[in-house]
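Undergrad: Let me give you the structure first, and then I'll get to my questions.
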Amino acid sequence: MDMDRNSLEVKIALQAMTMASTLCEKVRGKLAGGESILKSDRTPVTIADYGSQAIICKFIKEAFPRDTIVAEEDSRELRKSIHSKILEQVTQYVDEFVLGSSLQTVCSWIDFNSQVVTDRFWTLDPIDGTKGFLRGDQYAIALALIENGLTKLGILACPNLYVDKDRPHGKRGCFFLALRGEGAVQMDIDGGDKRSLSVSKVSDPSKATIIESVEPDHADHLFHQRLAQKLNISKPSLQMDSQAKYGIVARGEATIYLRVPSSSEVGYKEKIWDHAAGSIIAEEAGGKVTDVLGHPLDFSCGTKMEKNQGIIVTNGILHDVVLNALKM
Ligand code: AMP
Ligand code: MG
């Protein structure tokens, strides 16, 4: 039987992601408070990464013990005695949501991550857009369920993203959710104000808005600029961290998300947890997602998308136009 919006998968995933979002915002709040912990580059984010992964893996694995989880983190570093303080902090944060958490249980929940791709598995990025998280910009918690190589469910929690595209300084905190064949919706992070998503109807390429990563190592910004010129796009590109970019295309705020591999990172292979949730959300909102050669994204090779190169997301109408411009 196919999943629907009331299925156990959706319910458990949303519950766990709501807790993880609250945990991440609490950690972020402490950073914004200017504590010296901000000076240490990895530490603060590590706490939020680990806490988010522990909570989500615990709830998913307990509800669906036969499913596997492919996630970004594991507890190897965390278990080292030099990191005992970090593990204590992670455990304290997790304990606010799961009473009675211990150092040991937190590590074991993080390690529900088996890194094994099976017939039915979940893929999780506990904090996508780490650099955005540290800067106080955008980040996402990304979770997708993949069955026989096809993404069936994708959820993005974007705790710091404005809910209304026309009010960028207004209320923040969004969920994007898509089920294969059932469309995509956005909700406030507290579950309210559910609305269906649809991509922009722009058919004149010169009227399109491009979105790309903030980090120049993650995509070739210069190449994107040249492509924009070819398409007669004069509007400057938007830049945003994390898979929130897929949500931005899904809700029609941008028309094209470009991720042409950076020339400084030749041979980089995208990770499945960086694209599975976002891509189904853009597709179910009417968009199209392929790699730079026009090939569909393949999430069945393992943790890396070995068969793909870069990512192109459009409103569908402009997809071939963009792919053709890439070849020129
Ligand atoms: P974004 O916020 O869209 O720039 O993407 C963040 C993600 O980029 C991280 O989760 C990393 O897994 C991924 N990443 C790291 N290095 C690269 C790279 N050289 N090219 C593309 N993506 C990368
Ligand atoms: Mg990521």
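All residue names refer to the structure tokens as shown: chains lettered A, B, ... in order, residues numbered from 1 in each chain, ligands numbered from 1 in order.
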For ligand 1, collect every residue having any atom at a distance of at most 6 Å from a ligand atom (counting only C-alpha atoms and all ligand atoms); output as a list in words.

TA: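 Using only C-alpha atoms and all ligand atoms, everything at most 6 Å from ligand 1 comes to Asp128, Gly129, Ser213, Val214, Glu215, Asp217, His218, Ala219, Asp241, Ser242, Gln243, Pro261, Glu265, Tyr268, Glu270 and Asp274 of chain A.
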
Undergrad: Just want the 9 Å neighbourhood of region 23-32 of chain A, counted on only C-alpha atoms, with same-chain residues fewer than 6 positions away dropped. Output as a ChimeraX atom specification.

TA: /A:38,44-45,47-49,51-52,93-94,96-97,127,133-134,136,159-160

Undergrad: Could you tell me, as a VMD selection string, which residues of region 41-106 of chain A DSSP assigns to helix (DSSP H, G or I) when given the backbone?

TA: chain A and resid 43 to 63 81 to 95 103 to 106

Undergrad: Determine, counting only C-alpha atoms, which protein, DNA and RNA residues have an atom within 12 Å of an atom of Gly294 (chain A); residues of the same chain fewer than 5 positions away are not included. Present the result as a list in words.

TA: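 The residues that qualify are Lys288, Val289, Lys307, Asn308, Gln309, Gly310, Ile311, Ile312, Val313, Thr314, His319, Asp320, Val321, Val322, Leu323, Asn324, Ala325, Leu326 and Lys327 of chain A.
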
Undergrad: Let me see the file: selected residues, N, CA, C and O atoms, as an mmCIF file, in the first residue's frame.

TA:
```cif
data_model
loop_
_atom_site.group_PDB
_atom_site.id
_atom_site.type_symbol
_atom_site.label_atom_id
_atom_site.label_comp_id
_atom_site.auth_asym_id
_atom_site.auth_seq_id
_atom_site.Cartn_x
_atom_site.Cartn_y
_atom_site.Cartn_z
ATOM 1 N N LYS A 288 11.569 19.907 -12.373
ATOM 2 C CA LYS A 288 12.363 18.804 -12.922
ATOM 3 C C LYS A 288 13.762 18.848 -12.317
ATOM 4 O O LYS A 288 14.334 19.934 -12.140
ATOM 5 N N VAL A 289 14.306 17.663 -12.010
ATOM 6 C CA VAL A 289 15.636 17.573 -11.400
ATOM 7 C C VAL A 289 16.451 16.535 -12.158
ATOM 8 O O VAL A 289 16.007 15.390 -12.321
ATOM 9 N N LYS A 307 26.796 7.957 -10.355
ATOM 10 C CA LYS A 307 26.419 8.067 -11.776
ATOM 11 C C LYS A 307 26.041 9.481 -12.184
ATOM 12 O O LYS A 307 25.604 9.698 -13.310
ATOM 13 N N ASN A 308 26.118 10.407 -11.266
ATOM 14 C CA ASN A 308 25.694 11.778 -11.583
ATOM 15 C C ASN A 308 26.824 12.780 -11.428
ATOM 16 O O ASN A 308 27.775 12.542 -10.699
ATOM 17 N N GLN A 309 26.616 13.898 -12.113
ATOM 18 C CA GLN A 309 27.594 14.968 -12.081
ATOM 19 C C GLN A 309 26.837 16.278 -11.923
ATOM 20 O O GLN A 309 26.074 16.667 -12.818
ATOM 21 N N GLY A 310 26.993 16.941 -10.800
ATOM 22 C CA GLY A 310 26.289 18.196 -10.568
ATOM 23 C C GLY A 310 24.783 18.007 -10.516
ATOM 24 O O GLY A 310 24.287 16.866 -10.621
ATOM 25 N N ILE A 311 24.074 19.099 -10.372
ATOM 26 C CA ILE A 311 22.613 19.043 -10.240
ATOM 27 C C ILE A 311 22.005 20.257 -10.947
ATOM 28 O O ILE A 311 22.513 21.372 -10.827
ATOM 29 N N ILE A 312 20.912 20.025 -11.676
ATOM 30 C CA ILE A 312 20.138 21.118 -12.270
ATOM 31 C C ILE A 312 18.672 20.938 -11.871
ATOM 32 O O ILE A 312 18.090 19.871 -12.097
ATOM 33 N N VAL A 313 18.099 21.958 -11.293
ATOM 34 C CA VAL A 313 16.681 21.921 -10.898
ATOM 35 C C VAL A 313 16.002 23.095 -11.594
ATOM 36 O O VAL A 313 16.517 24.213 -11.552
ATOM 37 N N THR A 314 14.868 22.818 -12.244
ATOM 38 C CA THR A 314 14.126 23.927 -12.871
ATOM 39 C C THR A 314 12.629 23.754 -12.627
ATOM 40 O O THR A 314 12.189 22.744 -12.073
ATOM 41 N N HIS A 319 13.674 23.418 -18.395
ATOM 42 C CA HIS A 319 14.746 22.441 -18.173
ATOM 43 C C HIS A 319 15.617 22.225 -19.412
ATOM 44 O O HIS A 319 16.847 22.301 -19.337
ATOM 45 N N ASP A 320 14.973 21.965 -20.544
ATOM 46 C CA ASP A 320 15.756 21.691 -21.761
ATOM 47 C C ASP A 320 16.539 22.921 -22.197
ATOM 48 O O ASP A 320 17.669 22.802 -22.694
ATOM 49 N N VAL A 321 15.947 24.081 -21.999
ATOM 50 C CA VAL A 321 16.633 25.329 -22.355
ATOM 51 C C VAL A 321 17.936 25.435 -21.554
ATOM 52 O O VAL A 321 18.999 25.758 -22.097
ATOM 53 N N VAL A 322 17.865 25.131 -20.265
ATOM 54 C CA VAL A 322 19.053 25.220 -19.412
ATOM 55 C C VAL A 322 20.065 24.144 -19.800
ATOM 56 O O VAL A 322 21.260 24.424 -19.950
ATOM 57 N N LEU A 323 19.596 22.917 -20.012
ATOM 58 C CA LEU A 323 20.522 21.835 -20.390
ATOM 59 C C LEU A 323 21.222 22.157 -21.720
ATOM 60 O O LEU A 323 22.426 21.922 -21.866
ATOM 61 N N ASN A 324 20.468 22.712 -22.667
ATOM 62 C CA ASN A 324 21.084 23.072 -23.960
ATOM 63 C C ASN A 324 22.100 24.190 -23.794
ATOM 64 O O ASN A 324 23.170 24.153 -24.392
ATOM 65 N N ALA A 325 21.780 25.165 -22.966
ATOM 66 C CA ALA A 325 22.701 26.285 -22.753
ATOM 67 C C ALA A 325 23.991 25.786 -22.083
ATOM 68 O O ALA A 325 25.076 26.308 -22.333
ATOM 69 N N LEU A 326 23.868 24.752 -21.267
ATOM 70 C CA LEU A 326 25.047 24.179 -20.596
ATOM 71 C C LEU A 326 26.029 23.577 -21.608
ATOM 72 O O LEU A 326 27.227 23.545 -21.376
ATOM 73 N N LYS A 327 25.479 23.081 -22.716
ATOM 74 C CA LYS A 327 26.337 22.397 -23.711
ATOM 75 C C LYS A 327 27.105 23.393 -24.568
ATOM 76 O O LYS A 327 28.075 23.042 -25.214
#
```

Undergrad: May I ask which of the residues A:Asp220, A:Glu212, A:Asp95, A:Asp74 is the closest one to Ile256 (chain A), counting only C-alpha atoms?

TA: A:Glu212

Undergrad: From the options A:Gln138, A:Asn6, A:Gln225, A:Gln92, which residue's atoms come nearest to ligand 2, counting only C-alpha atoms and all ligand atoms?

TA: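 Answer, going by the shortest atom-to-atom distance: A:Gln138.
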
Undergrad: Set the distance at 12 Å and use only C-alpha atoms: which residues neighbour Asp164 (chain A) once local chain neighbours fewer than 5 positions away are removed? I'd like the list as a PDB file with N, CA and C atoms, in the first residue's frame.

TA:
```pdb
ATOM      1  N   HIS A 169      11.419  39.088   5.917  1.00  0.00           N
ATOM      2  CA  HIS A 169      11.795  39.424   7.295  1.00  0.00           C
ATOM      3  C   HIS A 169      10.723  38.973   8.286  1.00  0.00           C
ATOM      4  N   GLY A 170       9.756  38.218   7.784  1.00  0.00           N
ATOM      5  CA  GLY A 170       8.651  37.765   8.642  1.00  0.00           C
ATOM      6  C   GLY A 170       8.972  36.461   9.364  1.00  0.00           C
ATOM      7  N   LYS A 171       7.899  35.769   9.746  1.00  0.00           N
ATOM      8  CA  LYS A 171       7.996  34.537  10.531  1.00  0.00           C
ATOM      9  C   LYS A 171       8.933  33.499   9.883  1.00  0.00           C
ATOM     10  N   ARG A 172       9.668  32.802  10.721  1.00  0.00           N
ATOM     11  CA  ARG A 172      10.631  31.811  10.222  1.00  0.00           C
ATOM     12  C   ARG A 172      10.310  30.401  10.708  1.00  0.00           C
ATOM     13  N   GLY A 173      10.772  29.426   9.925  1.00  0.00           N
ATOM     14  CA  GLY A 173      10.639  28.013  10.309  1.00  0.00           C
ATOM     15  C   GLY A 173       9.662  27.288   9.418  1.00  0.00           C
ATOM     16  N   CYS A 174      10.170  26.498   8.459  1.00  0.00           N
ATOM     17  CA  CYS A 174       9.290  25.797   7.508  1.00  0.00           C
ATOM     18  C   CYS A 174       9.626  24.315   7.439  1.00  0.00           C
ATOM     19  N   GLN A 186       4.087  22.889   1.992  1.00  0.00           N
ATOM     20  CA  GLN A 186       4.903  23.583   2.985  1.00  0.00           C
ATOM     21  C   GLN A 186       4.031  23.780   4.220  1.00  0.00           C
ATOM     22  N   MET A 187       4.631  23.630   5.373  1.00  0.00           N
ATOM     23  CA  MET A 187       3.931  23.902   6.637  1.00  0.00           C
ATOM     24  C   MET A 187       4.839  24.758   7.494  1.00  0.00           C
ATOM     25  N   ASP A 188       4.232  25.459   8.439  1.00  0.00           N
ATOM     26  CA  ASP A 188       5.059  26.113   9.439  1.00  0.00           C
ATOM     27  C   ASP A 188       5.706  25.014  10.278  1.00  0.00           C
ATOM     28  N   ASP A 193      -0.659  25.982   9.057  1.00  0.00           N
ATOM     29  CA  ASP A 193      -0.656  26.696   7.782  1.00  0.00           C
ATOM     30  C   ASP A 193      -0.099  25.869   6.625  1.00  0.00           C
ATOM     31  N   LYS A 194      -0.724  24.694   6.425  1.00  0.00           N
ATOM     32  CA  LYS A 194      -0.248  23.820   5.347  1.00  0.00           C
ATOM     33  C   LYS A 194      -0.711  24.362   3.994  1.00  0.00           C
ATOM     34  N   ARG A 195       0.179  24.467   3.041  1.00  0.00           N
ATOM     35  CA  ARG A 195      -0.218  24.908   1.693  1.00  0.00           C
ATOM     36  C   ARG A 195       0.519  24.126   0.619  1.00  0.00           C
ATOM     37  N   GLY A 247      13.445  23.877  -1.769  1.00  0.00           N
ATOM     38  CA  GLY A 247      12.167  24.416  -1.295  1.00  0.00           C
ATOM     39  C   GLY A 247      11.858  25.745  -1.966  1.00  0.00           C
ATOM     40  N   ILE A 248      12.892  26.537  -2.171  1.00  0.00           N
ATOM     41  CA  ILE A 248      12.735  27.861  -2.784  1.00  0.00           C
ATOM     42  C   ILE A 248      12.266  27.719  -4.247  1.00  0.00           C
ATOM     43  N   ARG A 251       8.540  26.412  -4.175  1.00  0.00           N
ATOM     44  CA  ARG A 251       7.479  27.382  -3.893  1.00  0.00           C
ATOM     45  C   ARG A 251       7.487  28.567  -4.878  1.00  0.00           C
ATOM     46  N   GLY A 252       8.257  28.419  -5.953  1.00  0.00           N
ATOM     47  CA  GLY A 252       8.185  29.390  -7.046  1.00  0.00           C
ATOM     48  C   GLY A 252       8.974  30.659  -6.830  1.00  0.00           C
ATOM     49  N   GLU A 253       9.801  30.648  -5.792  1.00  0.00           N
ATOM     50  CA  GLU A 253      10.557  31.868  -5.481  1.00  0.00           C
ATOM     51  C   GLU A 253      11.774  32.010  -6.405  1.00  0.00           C
TER      52      GLU A 253
END
```

Undergrad: Using the chain letters and numbers from this document, which residues of region 233-278 of chain A does DSSP assign to strand (DSSP E), as a ChimeraX atom specification?

TA: /A:238-239,256-259

Undergrad: Please write the residues from the selection above to a file, keeping N, CA and C atoms, as a PDB file, in the first residue's frame.

TA:
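Produced file part26.pdb, reproduced below:
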```
ATOM      1  N   LEU A 238      20.298  34.388  -6.605  1.00  0.00           N
ATOM      2  CA  LEU A 238      20.154  34.274  -5.149  1.00  0.00           C
ATOM      3  C   LEU A 238      21.193  33.263  -4.678  1.00  0.00           C
ATOM      4  N   GLN A 239      21.653  33.432  -3.459  1.00  0.00           N
ATOM      5  CA  GLN A 239      22.577  32.440  -2.889  1.00  0.00           C
ATOM      6  C   GLN A 239      22.023  31.977  -1.550  1.00  0.00           C
ATOM      7  N   ILE A 256      15.369  28.410 -11.222  1.00  0.00           N
ATOM      8  CA  ILE A 256      16.448  27.485 -11.598  1.00  0.00           C
ATOM      9  C   ILE A 256      17.450  27.385 -10.444  1.00  0.00           C
ATOM     10  N   TYR A 257      17.733  26.149 -10.020  1.00  0.00           N
ATOM     11  CA  TYR A 257      18.801  25.929  -9.035  1.00  0.00           C
ATOM     12  C   TYR A 257      19.952  25.271  -9.787  1.00  0.00           C
ATOM     13  N   LEU A 258      21.093  25.965  -9.836  1.00  0.00           N
ATOM     14  CA  LEU A 258      22.264  25.446 -10.551  1.00  0.00           C
ATOM     15  C   LEU A 258      23.306  24.934  -9.562  1.00  0.00           C
ATOM     16  N   ARG A 259      23.852  23.771  -9.850  1.00  0.00           N
ATOM     17  CA  ARG A 259      24.941  23.213  -9.053  1.00  0.00           C
ATOM     18  C   ARG A 259      25.931  22.537 -10.003  1.00  0.00           C
TER      19      ARG A 259
END
```

Undergrad: Quick one: which region 117-179 of chain A residues come within 10 Å of region 299-304 of chain A, and what is the nearest atom pair for each with the distance in Å to one decimal, counting only C-alpha atoms, rows ordered by chain and ascending number, as CSV?

TA:
```
residue,atom,partner,partner_atom,distance
A:Val117,CA,A:Gly302,CA,5.7
A:Thr118,CA,A:Ser300,CA,8.4
A:Asp119,CA,A:Ser300,CA,9.1
A:Thr123,CA,A:Thr303,CA,8.9
A:Ile146,CA,A:Phe299,CA,8.1
A:Glu147,CA,A:Ser300,CA,9.5
A:Asn148,CA,A:Ser300,CA,7.9
A:Gly149,CA,A:Ser300,CA,5.1
A:Leu150,CA,A:Phe299,CA,7.5
A:Thr151,CA,A:Phe299,CA,8.1
```

Undergrad: Those same residues - all heavy atoms - I'd like them written as a PDB file, in the first residue's frame.

TA:
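Okay, this is what ended up in result39.pdb:
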```pdb
ATOM      1  N   VAL A 117      22.813   0.748   1.663  1.00  0.00           N
ATOM      2  CA  VAL A 117      21.659   1.007   0.815  1.00  0.00           C
ATOM      3  C   VAL A 117      20.931  -0.311   0.560  1.00  0.00           C
ATOM      4  O   VAL A 117      21.519  -1.259   0.052  1.00  0.00           O
ATOM      5  CB  VAL A 117      22.147   1.643  -0.515  1.00  0.00           C
ATOM      6  CG1 VAL A 117      21.076   1.640  -1.566  1.00  0.00           C
ATOM      7  CG2 VAL A 117      22.663   3.054  -0.259  1.00  0.00           C
ATOM      8  N   THR A 118      19.666  -0.395   0.981  1.00  0.00           N
ATOM      9  CA  THR A 118      18.896  -1.636   0.817  1.00  0.00           C
ATOM     10  C   THR A 118      17.636  -1.343  -0.015  1.00  0.00           C
ATOM     11  O   THR A 118      17.474  -0.241  -0.516  1.00  0.00           O
ATOM     12  CB  THR A 118      18.479  -2.180   2.200  1.00  0.00           C
ATOM     13  OG1 THR A 118      17.791  -1.130   2.897  1.00  0.00           O
ATOM     14  CG2 THR A 118      19.676  -2.617   3.025  1.00  0.00           C
ATOM     15  N   ASP A 119      16.727  -2.326  -0.106  1.00  0.00           N
ATOM     16  CA  ASP A 119      15.492  -2.129  -0.893  1.00  0.00           C
ATOM     17  C   ASP A 119      14.668  -0.976  -0.347  1.00  0.00           C
ATOM     18  O   ASP A 119      13.982  -0.285  -1.083  1.00  0.00           O
ATOM     19  CB  ASP A 119      14.629  -3.398  -0.855  1.00  0.00           C
ATOM     20  CG  ASP A 119      15.239  -4.486  -1.709  1.00  0.00           C
ATOM     21  OD1 ASP A 119      16.211  -4.185  -2.411  1.00  0.00           O
ATOM     22  OD2 ASP A 119      14.745  -5.628  -1.654  1.00  0.00           O
ATOM     23  N   THR A 123      17.463   8.093   4.197  1.00  0.00           N
ATOM     24  CA  THR A 123      18.730   8.813   4.172  1.00  0.00           C
ATOM     25  C   THR A 123      18.558  10.155   4.876  1.00  0.00           C
ATOM     26  O   THR A 123      17.559  10.837   4.688  1.00  0.00           O
ATOM     27  CB  THR A 123      19.333   8.908   2.749  1.00  0.00           C
ATOM     28  OG1 THR A 123      20.633   9.497   2.856  1.00  0.00           O
ATOM     29  CG2 THR A 123      18.494   9.718   1.784  1.00  0.00           C
ATOM     30  N   ILE A 146      13.629   5.910   0.659  1.00  0.00           N
ATOM     31  CA  ILE A 146      13.858   5.422  -0.708  1.00  0.00           C
ATOM     32  C   ILE A 146      13.491   3.943  -0.781  1.00  0.00           C
ATOM     33  O   ILE A 146      13.957   3.137   0.033  1.00  0.00           O
ATOM     34  CB  ILE A 146      15.333   5.657  -1.117  1.00  0.00           C
ATOM     35  CG1 ILE A 146      15.595   7.176  -1.103  1.00  0.00           C
ATOM     36  CG2 ILE A 146      15.636   5.058  -2.498  1.00  0.00           C
ATOM     37  CD1 ILE A 146      17.013   7.585  -1.350  1.00  0.00           C
ATOM     38  N   GLU A 147      12.630   3.616  -1.758  1.00  0.00           N
ATOM     39  CA  GLU A 147      12.230   2.216  -1.960  1.00  0.00           C
ATOM     40  C   GLU A 147      12.599   1.804  -3.374  1.00  0.00           C
ATOM     41  O   GLU A 147      12.187   2.472  -4.337  1.00  0.00           O
ATOM     42  CB  GLU A 147      10.721   2.065  -1.751  1.00  0.00           C
ATOM     43  CG  GLU A 147      10.324   2.066  -0.282  1.00  0.00           C
ATOM     44  CD  GLU A 147       8.823   1.870  -0.077  1.00  0.00           C
ATOM     45  OE1 GLU A 147       8.066   1.878  -1.069  1.00  0.00           O
ATOM     46  OE2 GLU A 147       8.409   1.725   1.071  1.00  0.00           O
ATOM     47  N   ASN A 148      13.345   0.730  -3.472  1.00  0.00           N
ATOM     48  CA  ASN A 148      13.793   0.232  -4.781  1.00  0.00           C
ATOM     49  C   ASN A 148      14.367   1.353  -5.653  1.00  0.00           C
ATOM     50  O   ASN A 148      14.039   1.480  -6.839  1.00  0.00           O
ATOM     51  CB  ASN A 148      12.626  -0.469  -5.499  1.00  0.00           C
ATOM     52  CG  ASN A 148      12.084  -1.597  -4.658  1.00  0.00           C
ATOM     53  OD1 ASN A 148      12.847  -2.399  -4.106  1.00  0.00           O
ATOM     54  ND2 ASN A 148      10.773  -1.662  -4.506  1.00  0.00           N
ATOM     55  N   GLY A 149      15.185   2.162  -5.048  1.00  0.00           N
ATOM     56  CA  GLY A 149      15.887   3.218  -5.786  1.00  0.00           C
ATOM     57  C   GLY A 149      15.084   4.483  -6.029  1.00  0.00           C
ATOM     58  O   GLY A 149      15.616   5.463  -6.545  1.00  0.00           O
ATOM     59  N   LEU A 150      13.800   4.459  -5.675  1.00  0.00           N
ATOM     60  CA  LEU A 150      12.947   5.623  -5.944  1.00  0.00           C
ATOM     61  C   LEU A 150      12.582   6.329  -4.630  1.00  0.00           C
ATOM     62  O   LEU A 150      12.124   5.673  -3.683  1.00  0.00           O
ATOM     63  CB  LEU A 150      11.663   5.151  -6.647  1.00  0.00           C
ATOM     64  CG  LEU A 150      10.826   6.236  -7.295  1.00  0.00           C
ATOM     65  CD1 LEU A 150      11.559   6.888  -8.470  1.00  0.00           C
ATOM     66  CD2 LEU A 150       9.488   5.663  -7.757  1.00  0.00           C
ATOM     67  N   THR A 151      12.788   7.635  -4.586  1.00  0.00           N
ATOM     68  CA  THR A 151      12.430   8.381  -3.368  1.00  0.00           C
ATOM     69  C   THR A 151      10.911   8.424  -3.256  1.00  0.00           C
ATOM     70  O   THR A 151      10.222   8.841  -4.185  1.00  0.00           O
ATOM     71  CB  THR A 151      12.985   9.819  -3.434  1.00  0.00           C
ATOM     72  OG1 THR A 151      14.349   9.746  -3.829  1.00  0.00           O
ATOM     73  CG2 THR A 151      12.890  10.503  -2.081  1.00  0.00           C
TER      74      THR A 151
END
```

Undergrad: Using only C-alpha atoms and all ligand atoms, which of the listed residues (A:Gly286, A:Gly278, A:Gly191, A:Gly154) sits closest to ligand 2?

TA: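 Answer, going by the shortest atom-to-atom distance: A:Gly278.
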
Undergrad: Which one is closest to ligand 2: A:Thr105, A:Thr68, A:Thr130, A:Thr22? Count only C-alpha atoms and all ligand atoms.

TA: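 Result for the nearest residue to ligand 2: A:Thr130.
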
Undergrad: I'd like to know which of A:Leu297, A:Val98, A:Val249, A:Ala140 is closest to ligand 2, using only C-alpha atoms and all ligand atoms.

TA: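 With only C-alpha atoms and all ligand atoms as the atom set, the closest residue is A:Ala140.
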
Undergrad: Could you check how far CA of Phe59 (chain A) sits from CA of Arg5 (chain A), in Å to one decimal?

TA: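 It comes out at 17.9 Å.
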
Undergrad: Excluding Leu87 (chain A) and its own-chain neighbours fewer than 6 positions away, which residues fall within 10 Å of it when counting only C-alpha atoms? Please give them as an MDAnalysis selection string.

TA: chainID A and resid 46:47 50:51 75 77:81 93 102:104 106:107
